[in-house]
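Listing of my_file_22.pdb, PDB, C-alpha atoms
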ATOM      1  CA  MET A   1     147.251 104.118 106.393
ATOM      2  CA  ASP A   2     147.809 107.787 105.795
ATOM      3  CA  GLN A   3     145.406 110.059 107.759
ATOM      4  CA  ALA A   4     144.832 112.273 104.698
ATOM      5  CA  LEU A   5     143.660 109.240 102.721
ATOM      6  CA  VAL A   6     141.336 108.173 105.568
ATOM      7  CA  ASP A   7     139.882 111.702 105.663
ATOM      8  CA  VAL A   8     139.204 111.562 101.901
ATOM      9  CA  PHE A   9     137.377 108.225 102.342
ATOM     10  CA  GLU A  10     135.309 109.566 105.243
ATOM     11  CA  GLN A  11     134.425 112.716 103.345
ATOM     12  CA  ALA A  12     133.341 110.663 100.319
ATOM     13  CA  ARG A  13     131.201 108.424 102.572
ATOM     14  CA  LYS A  14     129.473 111.482 104.026
ATOM     15  CA  VAL A  15     128.732 112.857 100.548
ATOM     16  CA  VAL A  16     127.265 109.508  99.473
ATOM     17  CA  ALA A  17     125.244 109.152 102.700
ATOM     18  CA  ASP A  18     123.859 112.693 102.371
ATOM     19  CA  ALA A  19     122.935 112.125  98.725
ATOM     20  CA  ASP A  20     121.259 108.788  99.536
ATOM     21  CA  ARG A  21     119.323 110.387 102.406
ATOM     22  CA  LYS A  22     118.122 113.230 100.144
ATOM     23  CA  ILE A  23     117.057 110.775  97.442
ATOM     24  CA  ALA A  24     115.191 108.649  99.994
ATOM     25  CA  GLU A  25     113.473 111.728 101.470
ATOM     26  CA  GLU A  26     112.419 112.909  98.010
ATOM     27  CA  GLU A  27     111.087 109.453  97.143
ATOM     28  CA  GLU A  28     109.163 109.368 100.440
ATOM     29  CA  ARG A  29     107.659 112.804  99.684
ATOM     30  CA  ARG A  30     106.696 111.625  96.199
ATOM     31  CA  ARG A  31     105.058 108.444  97.563
ATOM     32  CA  GLU A  32     103.189 110.409 100.239
ATOM     33  CA  SER A  33     102.008 112.933  97.647
ATOM     34  CA  GLU A  34     100.771 110.109  95.387
ATOM     35  CA  ARG A  35      99.063 108.459  98.375
ATOM     36  CA  GLU A  36      97.277 111.716  99.248
ATOM     37  CA  ARG A  37      96.190 112.143  95.622
ATOM     38  CA  VAL A  38      94.791 108.589  95.474
ATOM     39  CA  LEU A  39      92.977 109.055  98.810
ATOM     40  CA  LEU A  40      91.436 112.354  97.651
ATOM     41  CA  LEU A  41      90.225 110.775  94.407
ATOM     42  CA  LEU A  42      88.885 107.752  96.279
ATOM     43  CA  GLY A  43      87.097 109.989  98.782
ATOM     44  CA  ALA A  44      85.455 111.938  95.960
ATOM     45  CA  ARG A  45      84.374 108.761  94.151
ATOM     46  CA  LEU A  46      83.068 107.273  97.388
ATOM     47  CA  GLU A  47      81.051 110.419  98.087
ATOM     48  CA  GLU A  48      79.576 110.333  94.562
ATOM     49  CA  ALA A  49      78.643 106.642  94.660
ATOM     50  CA  PHE A  50      77.490 106.005  98.253
ATOM     51  CA  ASP A  51      75.457 107.599 101.023
ATOM     52  CA  PHE A  52      76.070 105.759 104.305
ATOM     53  CA  THR A  53      74.029 106.712 107.348
ATOM     54  CA  SER A  54      75.859 108.008 110.394
ATOM     55  CA  LYS A  55      74.981 104.811 112.280
ATOM     56  CA  GLU A  56      76.438 102.672 109.475
ATOM     57  CA  LYS A  57      79.604 104.766 109.529
ATOM     58  CA  LEU A  58      79.850 104.391 113.295
ATOM     59  CA  GLU A  59      79.350 100.611 113.251
ATOM     60  CA  LEU A  60      81.472  99.816 110.189
ATOM     61  CA  GLU A  61      84.239 102.376 110.830
ATOM     62  CA  PRO A  62      85.126 103.086 107.176
ATOM     63  CA  ARG A  63      88.747 104.117 106.565
ATOM     64  CA  LEU A  64      90.378 105.148 103.318
ATOM     65  CA  ASP A  65      93.677 103.424 102.585
ATOM     66  CA  VAL A  66      96.053 102.689  99.718
ATOM     67  CA  GLN A  67      97.083  99.078  99.141
ATOM     68  CA  ASP A  68      99.456  98.199  96.336
ATOM     69  CA  GLY A  69      98.894 101.641  94.833
ATOM     70  CA  VAL A  70      95.096 101.192  94.736
ATOM     71  CA  GLY A  71      92.698 103.171  96.897
ATOM     72  CA  VAL A  72      90.388 101.030  99.049
ATOM     73  CA  VAL A  73      87.810 101.629 101.749
ATOM     74  CA  GLU A  74      88.261  99.378 104.777
ATOM     75  CA  PHE A  75      85.249  98.486 106.904
ATOM     76  CA  VAL A  76      86.239  97.135 110.297
ATOM     77  CA  VAL A  77      83.657  95.180 112.290
ATOM     78  CA  ARG A  78      85.041  94.747 115.773
ATOM     79  CA  SER A  79      82.997  91.654 116.613
ATOM     80  CA  VAL A  80      84.676  89.551 113.906
ATOM     81  CA  ARG A  81      88.285  89.121 112.936
ATOM     82  CA  ALA A  82      87.797  90.264 109.365
ATOM     83  CA  ILE A  83      88.179  93.428 107.323
ATOM     84  CA  PHE A  84      85.915  94.217 104.407
ATOM     85  CA  LEU A  85      87.537  96.039 101.473
ATOM     86  CA  LEU A  86      85.575  98.130  99.010
ATOM     87  CA  SER A  87      87.513  99.182  95.928
ATOM     88  CA  PRO A  88      86.620 100.812  92.614
ATOM     89  CA  ASN A  89      87.049  98.549  89.581
ATOM     90  CA  GLY A  90      87.890 101.239  87.021
ATOM     91  CA  LEU A  91      91.408 102.597  87.100
ATOM     92  CA  LEU A  92      91.729 106.336  87.573
ATOM     93  CA  SER A  93      93.270 108.469  84.895
ATOM     94  CA  PRO A  94      95.540 111.381  85.900
ATOM     95  CA  ASN A  95      92.560 113.778  85.878
ATOM     96  CA  GLY A  96      90.757 111.581  88.417
ATOM     97  CA  LEU A  97      88.085 110.290  86.072
ATOM     98  CA  PRO A  98      87.563 106.590  85.461
ATOM     99  CA  SER A  99      89.628 105.421  82.503
ATOM    100  CA  SER A 100      87.052 102.848  81.419
ATOM    101  CA  ASN A 101      83.328 102.436  81.365
ATOM    102  CA  GLU A 102      83.651 100.420  84.602
ATOM    103  CA  GLY A 103      84.046 103.734  86.430
ATOM    104  CA  ASP A 104      81.125 103.249  88.782
ATOM    105  CA  ALA A 105      81.677  99.516  89.364
ATOM    106  CA  TRP A 106      82.956  98.468  92.789
ATOM    107  CA  THR A 107      84.199  95.232  94.379
ATOM    108  CA  LEU A 108      83.612  94.132  97.971
ATOM    109  CA  GLN A 109      86.053  91.619  99.466
ATOM    110  CA  VAL A 110      86.577  90.145 102.911
ATOM    111  CA  ILE A 111      89.960  89.391 104.426
ATOM    112  CA  GLU A 112      90.097  87.062 107.419
ATOM    113  CA  ASP A 113      93.060  86.284 109.637
ATOM    114  CA  GLY A 114      95.262  83.727 107.927
ATOM    115  CA  ARG A 115      93.098  83.367 104.802
ATOM    116  CA  ALA A 116      93.263  84.656 101.247
ATOM    117  CA  PRO A 117      90.912  87.525 100.325
ATOM    118  CA  GLN A 118      87.445  86.385  99.291
ATOM    119  CA  MET A 119      85.348  88.374  96.823
ATOM    120  CA  LEU A 120      81.803  88.905  98.074
ATOM    121  CA  SER A 121      80.341  90.892  95.189
ATOM    122  CA  GLU A 122      80.810  93.287  92.305
ATOM    123  CA  PHE A 123      78.158  95.957  91.815
ATOM    124  CA  GLN A 124      77.438  99.433  90.518
ATOM    125  CA  GLY A 125      77.698 102.438  92.789
ATOM    126  CA  GLY A 126      75.041 105.135  92.811
ATOM    127  CA  THR A 127      75.165 108.484  91.089
ATOM    128  CA  LYS A 128      75.335 111.896  92.683
ATOM    129  CA  ALA A 129      72.339 113.029  90.626
ATOM    130  CA  GLU A 130      70.151 110.308  92.143
ATOM    131  CA  GLN A 131      70.274 110.358  95.951
ATOM    132  CA  GLY A 132      68.236 107.139  96.131
ATOM    133  CA  SER A 133      70.755 105.229  94.038
ATOM    134  CA  ARG A 134      73.589 106.274  96.381
ATOM    135  CA  ARG A 135      71.612 105.158  99.432
ATOM    136  CA  LEU A 136      70.685 101.863  97.744
ATOM    137  CA  ALA A 137      74.326 101.175  96.846
ATOM    138  CA  SER A 138      75.312 101.817 100.488
ATOM    139  CA  ALA A 139      72.543  99.541 101.730
ATOM    140  CA  ARG A 140      73.807  96.798  99.396
ATOM    141  CA  ILE A 141      77.247  96.967 100.992
ATOM    142  CA  VAL A 142      75.871  96.903 104.531
ATOM    143  CA  THR A 143      73.582  93.984 103.594
ATOM    144  CA  MET A 144      76.456  91.984 102.064
ATOM    145  CA  ILE A 145      78.616  92.519 105.135
ATOM    146  CA  GLY A 146      75.723  91.628 107.451
ATOM    147  CA  ASN A 147      74.860  88.512 105.439
ATOM    148  CA  TRP A 148      78.467  87.358 105.521
ATOM    149  CA  ILE A 149      78.723  87.845 109.285
ATOM    150  CA  GLN A 150      75.312  86.401 110.140
ATOM    151  CA  GLY A 151      75.164  83.700 107.486
ATOM    152  CA  GLY A 152      77.824  81.515 108.997
ATOM    153  CA  LYS A 153      80.334  82.433 106.309
ATOM    154  CA  GLY A 154      82.175  84.542 108.802
ATOM    155  CA  PRO A 155      84.521  83.276 111.460
ATOM    156  CA  ARG A 156      82.992  81.873 114.580
ATOM    157  CA  VAL A 157      84.320  83.046 117.896
ATOM    158  CA  ALA A 158      85.919  79.939 119.329
ATOM    159  CA  ALA A 159      84.961  79.290 122.916
ATOM    160  CA  ASN A 160      87.465  77.852 125.317
ATOM    161  CA  THR A 161      87.323  74.078 124.729
ATOM    162  CA  GLU A 162      87.474  73.286 128.434
ATOM    163  CA  HIS A 163      84.352  75.360 129.058
ATOM    164  CA  SER A 164      82.424  73.892 126.129
ATOM    165  CA  GLN A 165      83.253  70.311 127.200
ATOM    166  CA  ARG A 166      82.239  71.074 130.774
ATOM    167  CA  TRP A 167      78.922  72.529 129.626
ATOM    168  CA  GLN A 168      78.237  69.538 127.412
ATOM    169  CA  LEU A 169      78.858  67.141 130.286
ATOM    170  CA  ARG A 170      76.080  68.754 132.286
ATOM    171  CA  ASP A 171      73.536  68.140 129.499
ATOM    172  CA  GLU A 172      72.223  71.656 129.911
ATOM    173  CA  PRO A 173      70.573  73.357 126.955
ATOM    174  CA  ARG A 174      73.063  75.529 125.209
ATOM    175  CA  SER A 175      72.284  79.218 124.732
ATOM    176  CA  GLU A 176      72.877  80.715 121.298
ATOM    177  CA  PRO A 177      74.005  84.315 120.815
ATOM    178  CA  THR A 178      71.545  86.495 118.925
ATOM    179  CA  TYR A 179      72.693  89.105 116.430
ATOM    180  CA  GLY A 180      70.762  91.947 114.869
ATOM    181  CA  THR A 181      71.413  93.978 111.775
ATOM    182  CA  MET A 182      75.103  94.305 110.897
ATOM    183  CA  GLY A 183      76.124  91.714 113.478
ATOM    184  CA  LYS A 184      75.239  93.762 116.532
ATOM    185  CA  PHE A 185      75.024  91.499 119.592
ATOM    186  CA  LEU A 186      71.492  91.479 120.996
ATOM    187  CA  GLY A 187      71.855  88.959 123.794
ATOM    188  CA  VAL A 188      71.625  85.241 124.407
ATOM    189  CA  SER A 189      68.538  83.190 123.550
ATOM    190  CA  SER A 190      67.799  79.804 125.075
TER     191      SER A 190
END

Please re-express this file's structure in structure tokens.
Amino acid sequence: MDQALVDVFEQARKVVADADRKIAEEEERRRESERERVLLLLGARLEEAFDFTSKEKLELEPRLDVQDGVGVVEFVVRSVRAIFLLSPNGLLSPNGLPSSNEGDAWTLQVIEDGRAPQMLSEFQGGTKAEQGSRRLASARIVTMIGNWIQGGKGPRVAANTEHSQRWQLRDEPRSEPTYGTMGKFLGVSS
């Protein structure tokens, strides 16, 4: 094949590759900008609707995230293999305000390893004008998460089967773990 023709092909490939790279970079910038916008709006709505204590924030480790274009708050409880997702029900309009009268309604879901998401509750968030309503809405979330973890609905930590069989063979009374508020391990009771 003629070298001049090969050079033309190579040059055309470079032009196409550069154009594709620029398009991909622009699309990535656009997606990142949209993600930042959604996270800012979610953060503002979260601040208006809830008032978590510093201890609740420390234990539940809330993180803002975008999943399938929707802003969610993830609560990660290290003692269980589950993530709790809090998301606003009302869709946001371009100006950041709820587009429906569901604007202050929120949904709490739990996602466990290998299972489909499970809805725990839908409820109203608080209002910035009423500090007590924001605190109550936060307490509802913490209570729902704690009830799920402590109520046996959550995953149980599976003990090694060899150990559990060995303990059962000895006919010793089995100690049960004790958990406090929000699933905090308090010790073992006989």

Practice task
Counting only C-alpha atoms, figure out which residue out of A:Asn89, A:Thr143, A:Gln150, A:Ser138 gets nearest to Pro62 in chain A.
Solution key: A:Ser138

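The residue that comes closest to Gly69 in chain A, out of A:Asn147, A:Thr107, A:Gln11, A:Ser87 and on the basis of all atoms listed in the file, is A:Ser87.
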
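The interatomic distance for the pair CA of Ser121 in chain A and CA of Leu108 in chain A works out to 5.4 Å.
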
Exercise for the section: Taking the point (75.3, 97.0, 105.7) as given in the file, collect each protein or nucleic acid residue that comes within 9 Å of it, counting all atoms listed in the file, and present the set as a ChimeraX atom specification. Expected result: /A:52,56,60,138-147,181-182

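As for CA of Arg21 in chain A and CA of Leu64 in chain A, they are spaced 29.4 Å apart.
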
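Proximity to Leu39 in chain A was assessed for A:Arg63, A:Ser79, A:Arg134, A:Ile23 counting all atoms listed in the file; the smallest distance is recorded for A:Arg63.
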
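You can rank A:Val66, A:Ala19, A:Glu27, A:Leu136 by their closest distance to Leu42 in chain A using all atoms listed in the file, and at the top of that list sits A:Val66.
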
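Note that the spacing between CA of Gln109 in chain A and CA of Glu130 in chain A amounts to 25.6 Å.
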
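Note on the selection: in this file the PyMOL selection byres ((chain A and resi 49) around 8) comes out as Arg45, Leu46, Glu47, Glu48, Phe50, Asp51, Asp104, Gly125, Gly126, Thr127, Lys128, Arg134 and Ala137 of chain A.
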
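Take the candidates A:Glu122, A:Glu59, A:Asp113, A:Asp7 and check each one against Arg78 in chain A using all atoms listed in the file; the shortest distance goes to A:Glu59.
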
Problem - Ala82 in chain A environment, 7 Å, all atoms listed in the file, sequence neighbours closer than 5 positions dropped, as a count of residues only - result: 4

Box along x, y and z, 6 Å on every side, all listed atoms of range 41-44 of chain A inside: centre and edge lengths in Å to one decimal, as AutoDock Vina command-line options.
--center_x 87.8 --center_y 109.8 --center_z 96.6 --size_x 16.8 --size_y 16.2 --size_z 16.4

Any chance you could work out the residue set of the PyMOL selection byres ((chain A and resi 75) around 8) here, as a compact mmCIF listing (two decimals) with C-alpha atoms, keeping the file's coordinate frame?
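Output saved as expr_20.txt:
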# COMPACT_ATOMS: atom_id res chain seq x y z
CA LEU A 60 81.47 99.82 110.19
CA GLU A 61 84.24 102.38 110.83
CA PRO A 62 85.13 103.09 107.18
CA ARG A 63 88.75 104.12 106.56
CA VAL A 73 87.81 101.63 101.75
CA GLU A 74 88.26 99.38 104.78
CA VAL A 76 86.24 97.14 110.30
CA VAL A 77 83.66 95.18 112.29
CA ILE A 83 88.18 93.43 107.32
CA PHE A 84 85.92 94.22 104.41
CA LEU A 85 87.54 96.04 101.47
CA LEU A 86 85.58 98.13 99.01

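Considering all atoms listed in the file, the residue among A:Thr53, A:Ala116, A:Glu25, A:Arg37 positioned nearest to Arg135 in chain A is A:Thr53.
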
Could I get range 20-44 of chain A rebuilt with N, CA, C and O atoms, written as an mmCIF file, in the frame of the given file?
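Printed below is result-v7.cif as written:
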data_model
loop_
_atom_site.group_PDB
_atom_site.id
_atom_site.type_symbol
_atom_site.label_atom_id
_atom_site.label_comp_id
_atom_site.auth_asym_id
_atom_site.auth_seq_id
_atom_site.Cartn_x
_atom_site.Cartn_y
_atom_site.Cartn_z
ATOM 1 N N ASP A 20 122.220 109.882 99.387
ATOM 2 C CA ASP A 20 121.259 108.788 99.536
ATOM 3 C C ASP A 20 120.091 109.194 100.427
ATOM 4 O O ASP A 20 118.934 108.865 100.142
ATOM 5 N N ARG A 21 120.370 109.928 101.497
ATOM 6 C CA ARG A 21 119.323 110.387 102.406
ATOM 7 C C ARG A 21 118.379 111.342 101.684
ATOM 8 O O ARG A 21 117.163 111.234 101.783
ATOM 9 N N LYS A 22 118.951 112.277 100.888
ATOM 10 C CA LYS A 22 118.122 113.230 100.144
ATOM 11 C C LYS A 22 117.262 112.521 99.102
ATOM 12 O O LYS A 22 116.087 112.853 98.925
ATOM 13 N N ILE A 23 117.818 111.542 98.429
ATOM 14 C CA ILE A 23 117.057 110.775 97.442
ATOM 15 C C ILE A 23 115.922 110.014 98.125
ATOM 16 O O ILE A 23 114.784 110.009 97.646
ATOM 17 N N ALA A 24 116.222 109.395 99.256
ATOM 18 C CA ALA A 24 115.191 108.649 99.994
ATOM 19 C C ALA A 24 114.097 109.580 100.503
ATOM 20 O O ALA A 24 112.907 109.240 100.441
ATOM 21 N N GLU A 25 114.475 110.766 100.994
ATOM 22 C CA GLU A 25 113.473 111.728 101.470
ATOM 23 C C GLU A 25 112.592 112.208 100.328
ATOM 24 O O GLU A 25 111.374 112.338 100.486
ATOM 25 N N GLU A 26 113.189 112.468 99.170
ATOM 26 C CA GLU A 26 112.419 112.909 98.010
ATOM 27 C C GLU A 26 111.466 111.806 97.548
ATOM 28 O O GLU A 26 110.305 112.069 97.220
ATOM 29 N N GLU A 27 111.934 110.579 97.527
ATOM 30 C CA GLU A 27 111.087 109.453 97.143
ATOM 31 C C GLU A 27 109.934 109.281 98.142
ATOM 32 O O GLU A 27 108.801 109.029 97.740
ATOM 33 N N GLU A 28 110.214 109.457 99.414
ATOM 34 C CA GLU A 28 109.163 109.368 100.440
ATOM 35 C C GLU A 28 108.130 110.480 100.254
ATOM 36 O O GLU A 28 106.925 110.241 100.363
ATOM 37 N N ARG A 29 108.592 111.701 99.954
ATOM 38 C CA ARG A 29 107.659 112.804 99.684
ATOM 39 C C ARG A 29 106.806 112.513 98.445
ATOM 40 O O ARG A 29 105.602 112.767 98.425
ATOM 41 N N ARG A 30 107.425 111.962 97.413
ATOM 42 C CA ARG A 30 106.696 111.625 96.199
ATOM 43 C C ARG A 30 105.643 110.553 96.478
ATOM 44 O O ARG A 30 104.490 110.674 96.061
ATOM 45 N N ARG A 31 106.011 109.507 97.220
ATOM 46 C CA ARG A 31 105.058 108.444 97.563
ATOM 47 C C ARG A 31 103.909 108.986 98.407
ATOM 48 O O ARG A 31 102.750 108.634 98.198
ATOM 49 N N GLU A 32 104.222 109.835 99.371
ATOM 50 C CA GLU A 32 103.189 110.409 100.239
ATOM 51 C C GLU A 32 102.260 111.314 99.438
ATOM 52 O O GLU A 32 101.045 111.308 99.638
ATOM 53 N N SER A 33 102.820 112.074 98.506
ATOM 54 C CA SER A 33 102.008 112.933 97.647
ATOM 55 C C SER A 33 101.077 112.086 96.775
ATOM 56 O O SER A 33 99.889 112.413 96.618
ATOM 57 N N GLU A 34 101.585 111.007 96.204
ATOM 58 C CA GLU A 34 100.771 110.109 95.387
ATOM 59 C C GLU A 34 99.688 109.459 96.244
ATOM 60 O O GLU A 34 98.546 109.329 95.822
ATOM 61 N N ARG A 35 100.038 109.063 97.459
ATOM 62 C CA ARG A 35 99.063 108.459 98.375
ATOM 63 C C ARG A 35 97.934 109.452 98.684
ATOM 64 O O ARG A 35 96.761 109.098 98.650
ATOM 65 N N GLU A 36 98.288 110.686 98.970
ATOM 66 C CA GLU A 36 97.277 111.716 99.248
ATOM 67 C C GLU A 36 96.379 111.933 98.037
ATOM 68 O O GLU A 36 95.162 112.072 98.178
ATOM 69 N N ARG A 37 96.966 111.961 96.844
ATOM 70 C CA ARG A 37 96.190 112.143 95.622
ATOM 71 C C ARG A 37 95.201 110.999 95.447
ATOM 72 O O ARG A 37 94.015 111.222 95.172
ATOM 73 N N VAL A 38 95.665 109.759 95.623
ATOM 74 C CA VAL A 38 94.791 108.589 95.474
ATOM 75 C C VAL A 38 93.670 108.629 96.516
ATOM 76 O O VAL A 38 92.509 108.357 96.203
ATOM 77 N N LEU A 39 93.999 108.996 97.758
ATOM 78 C CA LEU A 39 92.977 109.055 98.810
ATOM 79 C C LEU A 39 91.939 110.142 98.527
ATOM 80 O O LEU A 39 90.741 109.944 98.761
ATOM 81 N N LEU A 40 92.382 111.290 98.007
ATOM 82 C CA LEU A 40 91.436 112.354 97.651
ATOM 83 C C LEU A 40 90.495 111.909 96.531
ATOM 84 O O LEU A 40 89.281 112.145 96.583
ATOM 85 N N LEU A 41 91.054 111.271 95.510
ATOM 86 C CA LEU A 41 90.225 110.775 94.407
ATOM 87 C C LEU A 41 89.256 109.702 94.890
ATOM 88 O O LEU A 41 88.080 109.701 94.513
ATOM 89 N N LEU A 42 89.746 108.801 95.742
ATOM 90 C CA LEU A 42 88.885 107.752 96.279
ATOM 91 C C LEU A 42 87.769 108.354 97.124
ATOM 92 O O LEU A 42 86.610 107.961 97.006
ATOM 93 N N GLY A 43 88.108 109.333 97.953
ATOM 94 C CA GLY A 43 87.097 109.989 98.782
ATOM 95 C C GLY A 43 86.021 110.647 97.940
ATOM 96 O O GLY A 43 84.827 110.551 98.245
ATOM 97 N N ALA A 44 86.424 111.291 96.848
ATOM 98 C CA ALA A 44 85.455 111.938 95.960
ATOM 99 C C ALA A 44 84.572 110.902 95.276
ATOM 100 O O ALA A 44 83.350 111.071 95.189
#
